[in-house]
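Asks: The structure that follows is given in the form of structure tokens.
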Amino acid sequence: MNKKQAIQIIKSGLFFSAEFIKKDGSLRKINARSGVKKHLRPNANPRTYNPGELGYANVWDRQIKDYRLVNLQTLIKVNNKLIK
């Protein structure tokens with residue numbers, strides 16, 4: 001799988017698992033889904049930047065139950081098998 005296909009999986013709105021290198025250099029494994037709008041906070045401060053322009057994807061982490069940014073530039077592995 002090439003990087004373009006991996007990014008399409010992440011942005012598809014389906015559940016996926018991924019591994020990438022975080023900003024601090026550590027490895028993160030994440031089970032997530034993009035396109036989740038249910039848990040948005042109405043009074044939260046809006047971001048002053050666009051994560052997509054910086055090479056990040058905003059996703060909902062299933063384990064932590066909060067939004068996280070996935071660094072698309074440092075992706076190691078993406079898997080989109082159905083999670084039951």
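Just so we're on the same page: first chain in the structure tokens is A, next is B, and so on; residues restart at 1 for each chain, and ligands are numbered from 1 in the order they show up.
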Chain A: which residues are strand (DSSP E or B) by DSSP, as a ChimeraX atom specification?

Replies: /A:15-21,27-34,56-61,66-71,75-79

Asks: Produce a file of the selected residues containing C-alpha atoms, as a PDB file, in the first residue's frame.

Replies:
```
ATOM      1  CA  PHE A  15     -12.616   2.540  11.190  1.00  0.00           C
ATOM      2  CA  PHE A  16      -8.891   1.947  10.777  1.00  0.00           C
ATOM      3  CA  SER A  17      -5.775   1.266  12.789  1.00  0.00           C
ATOM      4  CA  ALA A  18      -2.523   3.086  12.146  1.00  0.00           C
ATOM      5  CA  GLU A  19       1.013   3.484  13.392  1.00  0.00           C
ATOM      6  CA  PHE A  20       2.922   6.735  13.023  1.00  0.00           C
ATOM      7  CA  ILE A  21       5.739   8.701  14.620  1.00  0.00           C
ATOM      8  CA  LEU A  27       5.559   5.604  18.120  1.00  0.00           C
ATOM      9  CA  ARG A  28       1.773   5.836  18.421  1.00  0.00           C
ATOM     10  CA  LYS A  29      -0.665   3.053  17.582  1.00  0.00           C
ATOM     11  CA  ILE A  30      -4.223   4.248  17.145  1.00  0.00           C
ATOM     12  CA  ASN A  31      -7.641   2.760  16.403  1.00  0.00           C
ATOM     13  CA  ALA A  32      -9.701   5.579  15.004  1.00  0.00           C
ATOM     14  CA  ARG A  33     -12.255   6.920  12.572  1.00  0.00           C
ATOM     15  CA  SER A  34     -12.401  10.168  10.636  1.00  0.00           C
ATOM     16  CA  TYR A  56      -2.294  16.083   9.782  1.00  0.00           C
ATOM     17  CA  ALA A  57      -5.680  14.353   9.798  1.00  0.00           C
ATOM     18  CA  ASN A  58      -8.186  14.938  12.607  1.00  0.00           C
ATOM     19  CA  VAL A  59      -9.650  11.596  13.801  1.00  0.00           C
ATOM     20  CA  TRP A  60     -11.697  10.189  16.696  1.00  0.00           C
ATOM     21  CA  ASP A  61      -9.622   7.784  18.830  1.00  0.00           C
ATOM     22  CA  ASP A  66     -11.292  11.954  22.135  1.00  0.00           C
ATOM     23  CA  TYR A  67     -10.040  13.633  18.989  1.00  0.00           C
ATOM     24  CA  ARG A  68      -6.413  13.178  17.934  1.00  0.00           C
ATOM     25  CA  LEU A  69      -4.273  14.342  15.037  1.00  0.00           C
ATOM     26  CA  VAL A  70      -2.566  11.710  12.867  1.00  0.00           C
ATOM     27  CA  ASN A  71       0.674  12.831  11.253  1.00  0.00           C
ATOM     28  CA  LEU A  75       2.767   7.041   8.675  1.00  0.00           C
ATOM     29  CA  ILE A  76       4.285   3.609   9.089  1.00  0.00           C
ATOM     30  CA  LYS A  77       1.292   1.303   8.739  1.00  0.00           C
ATOM     31  CA  VAL A  78      -2.459   1.596   8.085  1.00  0.00           C
ATOM     32  CA  ASN A  79      -4.980  -1.218   8.279  1.00  0.00           C
TER      33      ASN A  79
END
```
